[in-house]
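Structure file work22.txt with compact mmCIF, C-alpha atoms:
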```txt
# COMPACT_ATOMS: atom_id res chain seq x y z
CA MET A 1 -128.89 -43.32 38.58
CA LYS A 2 -132.49 -42.33 39.42
CA HIS A 3 -133.86 -45.65 40.69
CA PHE A 4 -132.41 -49.10 41.39
CA THR A 5 -134.69 -52.13 41.27
CA ASN A 6 -132.94 -54.58 38.90
CA VAL A 7 -129.73 -55.38 37.03
CA HIS A 8 -130.61 -53.10 34.11
CA ASP A 9 -130.46 -50.01 36.33
CA ILE A 10 -126.78 -50.49 37.21
CA GLY A 11 -125.44 -50.26 33.66
CA PRO A 12 -122.41 -52.24 32.39
CA LEU A 13 -121.50 -54.83 35.01
CA ASP A 14 -117.76 -54.60 34.46
CA SER A 15 -117.86 -50.90 35.30
CA ALA A 16 -120.07 -51.52 38.34
CA VAL A 17 -117.74 -54.20 39.71
CA LYS A 18 -114.69 -52.04 39.07
CA GLU A 19 -116.30 -49.18 40.98
CA ALA A 20 -117.27 -51.55 43.79
CA LEU A 21 -113.70 -52.79 44.22
CA GLU A 22 -112.38 -49.23 44.22
CA LEU A 23 -114.87 -48.25 46.93
CA LYS A 24 -113.99 -51.34 48.91
CA ALA A 25 -110.34 -50.30 48.90
CA ASN A 26 -111.23 -46.77 50.08
CA ARG A 27 -114.70 -46.64 51.63
CA PHE A 28 -114.42 -43.07 52.88
CA ALA A 29 -113.17 -41.36 49.73
CA HIS A 30 -116.57 -39.76 49.03
CA THR A 31 -117.80 -38.65 52.46
CA ALA A 32 -118.41 -35.12 51.17
CA LEU A 33 -120.88 -36.48 48.61
CA GLY A 34 -123.51 -37.27 51.23
CA LYS A 35 -123.01 -34.27 53.49
CA ASN A 36 -126.38 -32.77 54.49
CA ARG A 37 -128.17 -35.53 52.57
CA THR A 38 -130.58 -37.96 54.23
CA LEU A 39 -131.36 -41.57 53.43
CA MET A 40 -134.69 -42.96 54.62
CA MET A 41 -134.81 -46.75 54.93
CA ILE A 42 -138.36 -48.14 55.10
CA PHE A 43 -138.87 -51.71 56.26
CA PHE A 44 -142.14 -53.55 55.81
CA ASN A 45 -140.28 -56.77 56.71
CA SER A 46 -137.51 -57.91 59.04
CA SER A 47 -133.86 -57.41 58.16
CA LEU A 48 -130.36 -57.90 59.50
CA ARG A 49 -127.76 -57.67 56.69
CA THR A 50 -129.77 -55.25 54.55
CA ARG A 51 -130.42 -52.86 57.43
CA LEU A 52 -126.87 -52.88 58.78
CA SER A 53 -125.00 -52.90 55.48
CA THR A 54 -127.09 -50.18 53.84
CA GLN A 55 -126.90 -47.91 56.87
CA LYS A 56 -123.13 -48.43 57.03
CA ALA A 57 -122.81 -47.68 53.30
CA ALA A 58 -124.74 -44.44 53.73
CA MET A 59 -122.54 -43.43 56.68
CA ASN A 60 -119.43 -44.16 54.60
CA LEU A 61 -120.73 -41.52 52.18
CA GLY A 62 -121.40 -38.97 54.92
CA MET A 63 -125.20 -39.30 54.86
CA ASN A 64 -127.73 -38.94 57.67
CA VAL A 65 -129.95 -42.01 58.02
CA ILE A 66 -133.57 -42.42 59.15
CA VAL A 67 -134.89 -45.96 59.69
CA LEU A 68 -138.63 -46.65 59.79
CA ASP A 69 -140.12 -50.04 60.70
CA VAL A 70 -143.61 -49.72 59.26
CA ASN A 71 -145.13 -52.60 61.20
CA GLN A 72 -143.58 -51.65 64.56
CA GLY A 73 -142.94 -47.91 64.79
CA ALA A 74 -145.62 -46.39 62.55
CA TRP A 75 -149.31 -46.49 61.74
CA LYS A 76 -150.41 -49.61 59.91
CA LEU A 77 -150.56 -48.70 56.23
CA GLU A 78 -153.22 -49.52 53.68
CA THR A 79 -151.81 -50.26 50.22
CA GLU A 80 -154.95 -50.87 48.16
CA ARG A 81 -157.03 -48.21 46.38
CA GLY A 82 -160.79 -48.00 46.86
CA VAL A 83 -160.77 -49.66 50.27
CA ILE A 84 -163.10 -48.46 53.02
CA MET A 85 -160.57 -47.96 55.78
CA ASP A 86 -162.65 -49.12 58.72
CA GLY A 87 -160.16 -51.72 59.94
CA ASP A 88 -156.84 -51.54 61.81
CA LYS A 89 -154.99 -49.58 59.10
CA ALA A 90 -155.02 -45.91 60.03
CA GLU A 91 -153.10 -44.38 57.10
CA HIS A 92 -152.94 -44.92 53.37
CA LEU A 93 -149.67 -45.40 51.58
CA LEU A 94 -150.68 -42.69 49.11
CA GLU A 95 -150.48 -40.06 51.86
CA ALA A 96 -147.62 -41.67 53.75
CA ILE A 97 -145.28 -41.88 50.74
CA PRO A 98 -145.16 -38.17 49.80
CA VAL A 99 -144.85 -37.28 53.49
CA MET A 100 -141.81 -39.56 53.77
CA GLY A 101 -140.38 -37.92 50.67
CA CYS A 102 -140.51 -34.53 52.44
CA TYR A 103 -137.99 -35.69 55.02
CA CYS A 104 -135.23 -37.22 52.91
CA ASP A 105 -133.24 -37.20 49.67
CA ILE A 106 -133.16 -40.92 48.84
CA ILE A 107 -135.53 -43.74 49.85
CA GLY A 108 -134.78 -47.44 50.28
CA VAL A 109 -137.77 -49.82 50.50
CA ARG A 110 -137.99 -53.42 51.69
CA SER A 111 -141.29 -55.20 51.06
CA PHE A 112 -141.64 -58.94 50.54
CA ALA A 113 -144.06 -60.91 48.40
CA GLY A 114 -147.31 -61.94 50.07
CA LEU A 115 -147.22 -65.31 48.24
CA LYS A 116 -151.01 -65.31 47.92
CA ASP A 117 -151.64 -63.45 44.67
CA ARG A 118 -148.98 -63.91 42.02
CA ASP A 119 -150.16 -61.05 39.83
CA GLU A 120 -150.16 -58.66 42.76
CA ASP A 121 -146.68 -59.72 43.85
CA TYR A 122 -145.19 -59.53 40.37
CA GLU A 123 -146.68 -56.09 39.75
CA GLU A 124 -144.43 -54.82 42.59
CA ARG A 125 -147.16 -52.49 43.82
CA VAL A 126 -145.42 -51.24 46.96
CA ILE A 127 -142.05 -50.18 45.56
CA ASN A 128 -143.66 -48.87 42.38
CA GLN A 129 -145.92 -46.61 44.44
CA PHE A 130 -142.83 -45.21 46.17
CA ILE A 131 -141.22 -44.55 42.79
CA ARG A 132 -144.39 -42.87 41.52
CA TYR A 133 -145.40 -40.76 44.52
CA SER A 134 -142.35 -40.01 46.68
CA GLY A 135 -140.63 -37.54 44.37
CA ARG A 136 -137.30 -39.08 45.42
CA PRO A 137 -134.83 -41.58 44.00
CA VAL A 138 -135.88 -45.02 45.23
CA PHE A 139 -133.90 -48.24 45.52
CA SER A 140 -134.97 -51.76 46.43
CA MET A 141 -133.76 -53.32 49.67
CA GLU A 142 -135.67 -56.43 48.49
CA ALA A 143 -139.02 -56.41 46.82
CA ALA A 144 -141.55 -59.08 45.91
CA THR A 145 -139.68 -60.36 42.86
CA ARG A 146 -136.05 -59.19 43.17
CA HIS A 147 -133.25 -58.47 45.66
CA PRO A 148 -130.76 -56.51 43.54
CA LEU A 149 -128.44 -55.33 46.33
CA GLN A 150 -127.92 -58.97 47.29
CA SER A 151 -127.31 -60.06 43.70
CA PHE A 152 -124.85 -57.24 43.11
CA ALA A 153 -122.95 -58.33 46.22
CA ASP A 154 -123.04 -61.92 44.95
CA LEU A 155 -121.54 -60.81 41.65
CA ILE A 156 -118.77 -58.86 43.39
CA THR A 157 -117.99 -61.93 45.51
CA ILE A 158 -117.79 -64.24 42.50
CA GLU A 159 -115.55 -61.80 40.63
CA GLU A 160 -113.22 -61.63 43.64
CA HIS A 161 -112.91 -65.41 43.97
CA LYS A 162 -113.18 -66.84 40.45
CA THR A 163 -110.10 -68.57 39.05
CA LYS A 164 -111.26 -68.83 35.46
CA ALA A 165 -112.74 -66.28 33.06
CA ARG A 166 -115.99 -68.19 32.65
CA PRO A 167 -116.83 -70.06 35.84
CA LYS A 168 -119.67 -72.53 36.15
CA VAL A 169 -122.22 -71.10 38.60
CA VAL A 170 -125.05 -73.29 39.87
CA LEU A 171 -128.17 -72.00 41.61
CA THR A 172 -129.67 -74.89 43.52
CA TRP A 173 -133.02 -75.16 45.28
CA ALA A 174 -132.81 -76.62 48.78
CA PRO A 175 -135.51 -77.60 51.29
CA HIS A 176 -136.97 -75.21 53.87
CA PRO A 177 -139.81 -75.58 56.40
CA ARG A 178 -141.54 -72.34 55.32
CA ALA A 179 -142.72 -70.96 51.99
CA LEU A 180 -140.22 -68.36 50.77
CA PRO A 181 -140.49 -65.81 47.91
CA GLN A 182 -138.66 -66.15 44.61
CA ALA A 183 -136.99 -62.72 44.99
CA VAL A 184 -133.44 -63.90 45.71
CA PRO A 185 -133.31 -66.71 43.11
CA ASN A 186 -135.06 -64.49 40.54
CA SER A 187 -132.59 -61.71 41.09
CA PHE A 188 -129.54 -63.97 41.22
CA ALA A 189 -130.61 -65.56 37.93
CA GLU A 190 -131.17 -62.15 36.35
CA TRP A 191 -127.69 -60.95 37.31
CA MET A 192 -125.97 -64.19 36.31
CA ASN A 193 -127.71 -64.09 32.94
CA ALA A 194 -126.24 -60.62 32.43
CA THR A 195 -122.72 -62.10 32.67
CA ASP A 196 -120.98 -64.58 30.39
CA TYR A 197 -120.79 -67.24 33.12
CA ASP A 198 -121.85 -70.83 32.51
CA PHE A 199 -125.06 -70.62 34.52
CA VAL A 200 -127.20 -73.58 35.61
CA ILE A 201 -130.38 -73.71 37.72
CA THR A 202 -131.30 -76.97 39.43
CA HIS A 203 -134.49 -77.75 41.33
CA PRO A 204 -137.18 -80.42 41.66
CA GLU A 205 -139.96 -80.42 39.08
CA GLY A 206 -142.63 -77.89 40.00
CA TYR A 207 -140.18 -75.27 41.21
CA GLU A 208 -139.56 -73.62 37.84
CA LEU A 209 -138.96 -69.86 38.10
CA ALA A 210 -140.69 -67.33 35.87
CA PRO A 211 -139.33 -67.62 32.30
CA GLU A 212 -138.13 -64.00 32.25
CA PHE A 213 -135.77 -64.80 35.11
CA VAL A 214 -134.65 -68.23 33.88
CA GLY A 215 -133.53 -66.54 30.69
CA ARG A 216 -130.68 -68.37 28.97
CA ALA A 217 -129.81 -70.51 32.02
CA ARG A 218 -129.71 -74.26 31.63
CA VAL A 219 -132.28 -75.97 33.86
CA GLU A 220 -131.28 -79.35 35.30
CA TYR A 221 -133.60 -81.45 37.45
CA ASP A 222 -130.79 -83.80 38.56
CA GLN A 223 -128.95 -81.88 41.29
CA ARG A 224 -125.88 -84.11 41.26
CA LYS A 225 -125.51 -83.75 37.51
CA ALA A 226 -125.82 -79.97 37.83
CA PHE A 227 -123.06 -79.88 40.46
CA GLU A 228 -120.51 -81.69 38.27
CA GLY A 229 -117.56 -79.38 37.53
CA ALA A 230 -119.17 -76.36 39.20
CA ASP A 231 -117.02 -73.51 40.50
CA PHE A 232 -119.72 -71.83 42.63
CA ILE A 233 -122.76 -73.36 44.31
CA TYR A 234 -125.46 -70.88 45.34
CA ALA A 235 -128.12 -72.52 47.51
CA LYS A 236 -131.54 -71.02 48.11
CA ASN A 237 -135.07 -72.18 48.80
CA TRP A 238 -138.11 -70.76 47.06
CA ALA A 239 -141.81 -71.59 46.91
CA ALA A 240 -143.54 -72.63 43.71
CA TYR A 241 -144.10 -69.95 41.06
CA ALA A 242 -146.43 -71.66 38.58
CA ALA A 243 -150.21 -71.58 39.00
CA PRO A 244 -152.14 -73.10 40.69
CA ASN A 245 -149.37 -73.79 43.22
CA TYR A 246 -147.98 -70.25 43.55
CA GLY A 247 -146.50 -69.67 47.00
CA ARG A 248 -146.84 -73.30 48.08
CA ILE A 249 -144.32 -75.77 49.44
CA LEU A 250 -144.32 -78.75 47.11
CA SER A 251 -141.40 -80.59 48.67
CA THR A 252 -139.18 -80.70 51.74
CA ASP A 253 -137.01 -83.45 50.27
CA ARG A 254 -133.83 -83.52 52.40
CA SER A 255 -131.94 -85.22 49.59
CA TRP A 256 -131.62 -81.72 48.07
CA THR A 257 -129.69 -80.41 51.10
CA VAL A 258 -126.20 -79.30 50.05
CA ASP A 259 -123.71 -81.61 51.74
CA ALA A 260 -120.05 -82.59 51.42
CA GLU A 261 -120.85 -85.53 49.17
CA LYS A 262 -122.49 -83.24 46.60
CA MET A 263 -119.78 -80.59 46.91
CA ALA A 264 -117.23 -83.31 46.10
CA LEU A 265 -118.82 -83.54 42.63
CA THR A 266 -117.80 -79.95 41.89
CA ASP A 267 -114.47 -78.49 40.82
CA ASN A 268 -113.65 -77.59 44.44
CA ALA A 269 -116.51 -75.10 44.31
CA PHE A 270 -117.16 -72.23 46.66
CA PHE A 271 -120.45 -72.35 48.59
CA MET A 272 -122.70 -69.28 48.65
CA HIS A 273 -125.95 -68.32 50.38
CA CYS A 274 -127.57 -64.95 51.06
CA LEU A 275 -128.29 -65.71 54.76
CA PRO A 276 -130.07 -66.28 57.04
CA VAL A 277 -129.71 -70.00 56.43
CA ARG A 278 -131.40 -73.00 57.99
CA ARG A 279 -128.49 -75.28 58.81
CA ASN A 280 -128.92 -78.95 57.93
CA MET A 281 -131.95 -78.06 55.83
CA ILE A 282 -130.35 -75.84 53.20
CA VAL A 283 -126.74 -76.82 53.88
CA THR A 284 -124.88 -79.05 56.30
CA ASP A 285 -122.66 -77.67 59.05
CA ASP A 286 -119.46 -78.99 57.49
CA VAL A 287 -120.12 -77.26 54.15
CA ILE A 288 -121.07 -73.85 55.52
CA GLU A 289 -118.14 -73.93 57.94
CA SER A 290 -115.61 -75.11 55.36
CA PRO A 291 -112.80 -72.91 53.97
CA ARG A 292 -114.70 -72.85 50.66
CA SER A 293 -117.74 -71.17 52.21
CA LEU A 294 -118.17 -67.55 51.11
CA VAL A 295 -121.26 -66.66 53.14
CA ILE A 296 -119.42 -64.15 55.35
CA PRO A 297 -117.42 -62.38 52.58
CA GLU A 298 -120.65 -62.36 50.55
CA ALA A 299 -122.52 -60.68 53.41
CA ALA A 300 -119.67 -58.20 53.87
CA ASN A 301 -120.00 -57.19 50.23
CA ARG A 302 -123.56 -56.07 50.89
CA GLU A 303 -122.06 -52.87 52.28
CA ILE A 304 -120.12 -52.37 49.05
CA SER A 305 -123.03 -53.03 46.68
CA ALA A 306 -125.19 -50.59 48.63
CA GLN A 307 -122.45 -47.98 48.63
CA VAL A 308 -122.08 -48.09 44.85
CA VAL A 309 -125.84 -47.64 44.43
CA LEU A 310 -126.05 -44.77 46.93
CA LYS A 311 -122.99 -43.06 45.48
CA ARG A 312 -124.49 -43.11 41.99
CA MET A 313 -127.81 -41.83 43.28
CA LEU A 314 -126.12 -38.98 45.17
CA GLU A 315 -124.17 -38.07 42.03
CA SER A 316 -127.46 -37.77 40.11
CA LEU A 317 -129.17 -35.46 42.61
```

Serialized structure, structure tokens:
Amino acid sequence: MKHFTNVHDIGPLDSAVKEALELKANRFAHTALGKNRTLMMIFFNSSLRTRLSTQKAAMNLGMNVIVLDVNQGAWKLETERGVIMDGDKAEHLLEAIPVMGCYCDIIGVRSFAGLKDRDEDYEERVINQFIRYSGRPVFSMEAATRHPLQSFADLITIEEHKTKARPKVVLTWAPHPRALPQAVPNSFAEWMNATDYDFVITHPEGYELAPEFVGRARVEYDQRKAFEGADFIYAKNWAAYAAPNYGRILSTDRSWTVDAEKMALTDNAFFMHCLPVRRNMIVTDDVIESPRSLVIPEAANREISAQVVLKRMLESL
């Protein structure tokens, strides 16, 4: 596998999940694969699970790891062409990227959407420049429009806990005090659409995702109706996608918070969220702390999804 930015890069999902479960059972079976190889993890944005899980996955494979926080431990980087660099940005990404490539074998990049210019965000300029100019295999640790390592971990978690061949999986919008990108819901929808699950997206009007990510999912504007008979509830906030409201908060309606009353409408569903989560905005304390909450096993599987991706990249070097 040369690069990993979306579900199409991973190949058949049944094979990917099978490999993930095998690695989970024996995480150190391939330590020789990464010997004398270096992973560089580049963060333009904050991280907890992605940083820790990906570094642990690389160590499981015997790799050396370099972590660079661009906004804290490096020169500020310019990303636009044709700019007169007379401001506070001392280095251009077009020089920085090939230099980074000199020091490693594989690059992971985390760069969020700016939520100001939809076209710019959805062109994925930052990670695509790394793919074009680094000369190294590149994988996404979350980009402007997708978070594939998270979605792969979500899929692994669902496969581990499902009790029927075709579970009903519901992605629900929930309120949040800040405008958040569509990366996680986009990616989750993309991966769920690649399965044969019964997949439903529910949100208030105005929060429609881009059609290419909605895909074959059923869209339901009545959250309670969407929850009926569900096996998995995946809660996540996102800002508006459609123009002219791109990146805006259109609602903070607390009636969309996932609570015990709504979970009672499901078929004893599991609750999922990528974390970090705003308690009693996204989900109530009793739901996230219940025995049916999968947020910790889901986070633990981030190590496994990253390890599958890194293993496949190492095998292609």

Contact residues around Asn60 (chain A) with only C-alpha atoms at 9 Å, ignoring same-chain residues under 6 positions, as JSON, numbers by chain: {"A": [27, 28, 29, 30, 31, 34, 307]}

CA of Glu91 (chain A) to CA of Leu77 (chain A), straight-line distance in Å: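 Separating CA of Leu77 (chain A) from CA of Glu91 (chain A) is a distance of 5.1 Å.
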
For Ile288 (chain A): contacts at 12 Å, all atoms listed in the file, fewer than 6 positions along chain excluded, given as a PDB file with C-alpha atoms, in the frame of the given file:
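Generated file (around.pdb):
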```
ATOM      1  CA  ILE A 233    -122.760 -73.360  44.310  1.00  0.00           C
ATOM      2  CA  TYR A 234    -125.460 -70.880  45.340  1.00  0.00           C
ATOM      3  CA  ALA A 235    -128.120 -72.520  47.510  1.00  0.00           C
ATOM      4  CA  THR A 257    -129.690 -80.410  51.100  1.00  0.00           C
ATOM      5  CA  VAL A 258    -126.200 -79.300  50.050  1.00  0.00           C
ATOM      6  CA  ASP A 259    -123.710 -81.610  51.740  1.00  0.00           C
ATOM      7  CA  ALA A 260    -120.050 -82.590  51.420  1.00  0.00           C
ATOM      8  CA  MET A 263    -119.780 -80.590  46.910  1.00  0.00           C
ATOM      9  CA  PHE A 270    -117.160 -72.230  46.660  1.00  0.00           C
ATOM     10  CA  PHE A 271    -120.450 -72.350  48.590  1.00  0.00           C
ATOM     11  CA  MET A 272    -122.700 -69.280  48.650  1.00  0.00           C
ATOM     12  CA  HIS A 273    -125.950 -68.320  50.380  1.00  0.00           C
ATOM     13  CA  CYS A 274    -127.570 -64.950  51.060  1.00  0.00           C
ATOM     14  CA  LEU A 275    -128.290 -65.710  54.760  1.00  0.00           C
ATOM     15  CA  PRO A 276    -130.070 -66.280  57.040  1.00  0.00           C
ATOM     16  CA  VAL A 277    -129.710 -70.000  56.430  1.00  0.00           C
ATOM     17  CA  ARG A 278    -131.400 -73.000  57.990  1.00  0.00           C
ATOM     18  CA  ARG A 279    -128.490 -75.280  58.810  1.00  0.00           C
ATOM     19  CA  ASN A 280    -128.920 -78.950  57.930  1.00  0.00           C
ATOM     20  CA  MET A 281    -131.950 -78.060  55.830  1.00  0.00           C
ATOM     21  CA  ILE A 282    -130.350 -75.840  53.200  1.00  0.00           C
ATOM     22  CA  LEU A 294    -118.170 -67.550  51.110  1.00  0.00           C
ATOM     23  CA  VAL A 295    -121.260 -66.660  53.140  1.00  0.00           C
ATOM     24  CA  ILE A 296    -119.420 -64.150  55.350  1.00  0.00           C
TER      25      ILE A 296
END
```

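Rounded to one decimal, CA of Val83 (chain A) and CA of Gly247 (chain A) lie 24.8 Å from each other.
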
Please, which residues are within 12 Å of (-122.7, -38.7, 41.8) by the file's coordinates, counting only C-alpha atoms, and could they come as a PDB file with C-alpha atoms, in the coordinates of the input?
```pdb
ATOM      1  CA  MET A   1    -128.890 -43.320  38.580  1.00  0.00           C
ATOM      2  CA  LYS A   2    -132.490 -42.330  39.420  1.00  0.00           C
ATOM      3  CA  HIS A  30    -116.570 -39.760  49.030  1.00  0.00           C
ATOM      4  CA  THR A  31    -117.800 -38.650  52.460  1.00  0.00           C
ATOM      5  CA  ALA A  32    -118.410 -35.120  51.170  1.00  0.00           C
ATOM      6  CA  LEU A  33    -120.880 -36.480  48.610  1.00  0.00           C
ATOM      7  CA  GLY A  34    -123.510 -37.270  51.230  1.00  0.00           C
ATOM      8  CA  LEU A  61    -120.730 -41.520  52.180  1.00  0.00           C
ATOM      9  CA  GLN A 307    -122.450 -47.980  48.630  1.00  0.00           C
ATOM     10  CA  VAL A 308    -122.080 -48.090  44.850  1.00  0.00           C
ATOM     11  CA  VAL A 309    -125.840 -47.640  44.430  1.00  0.00           C
ATOM     12  CA  LEU A 310    -126.050 -44.770  46.930  1.00  0.00           C
ATOM     13  CA  LYS A 311    -122.990 -43.060  45.480  1.00  0.00           C
ATOM     14  CA  ARG A 312    -124.490 -43.110  41.990  1.00  0.00           C
ATOM     15  CA  MET A 313    -127.810 -41.830  43.280  1.00  0.00           C
ATOM     16  CA  LEU A 314    -126.120 -38.980  45.170  1.00  0.00           C
ATOM     17  CA  GLU A 315    -124.170 -38.070  42.030  1.00  0.00           C
ATOM     18  CA  SER A 316    -127.460 -37.770  40.110  1.00  0.00           C
ATOM     19  CA  LEU A 317    -129.170 -35.460  42.610  1.00  0.00           C
TER      20      LEU A 317
END
```

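Minimum distance to Gln223 (chain A) across A:Lys89, A:Arg166, A:His203, A:His3 (counting all atoms listed in the file) occurs at A:His203.
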
Neighbour list for Thr252 (chain A) as a list in words, cut-off 7 Å, all atoms listed in the file, skip fewer than 6 positions in-chain: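 Once the adjacent positions are removed, what remains is Pro175, His176 and Pro177 of chain A.
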
Pick from A:Asn6, A:Thr266, A:Asn245, A:Ser15 nearest to Glu190 (chain A), counting only C-alpha atoms: A:Asn6

Shortest interatomic distance to Phe232 (chain A) - which of A:Lys162, A:Lys262, A:Lys76, A:Arg110, counting all atoms listed in the file: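 Once distances to Phe232 (chain A) are computed over all atoms listed in the file, the minimum belongs to A:Lys162.
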
Region 145-157 of chain A surroundings by all atoms listed in the file, 7 Å radius, close-in-sequence under 6 positions cut, as a ChimeraX atom specification: /A:5-7,17,122,182-184,186-188,191,298,301-302,305-306
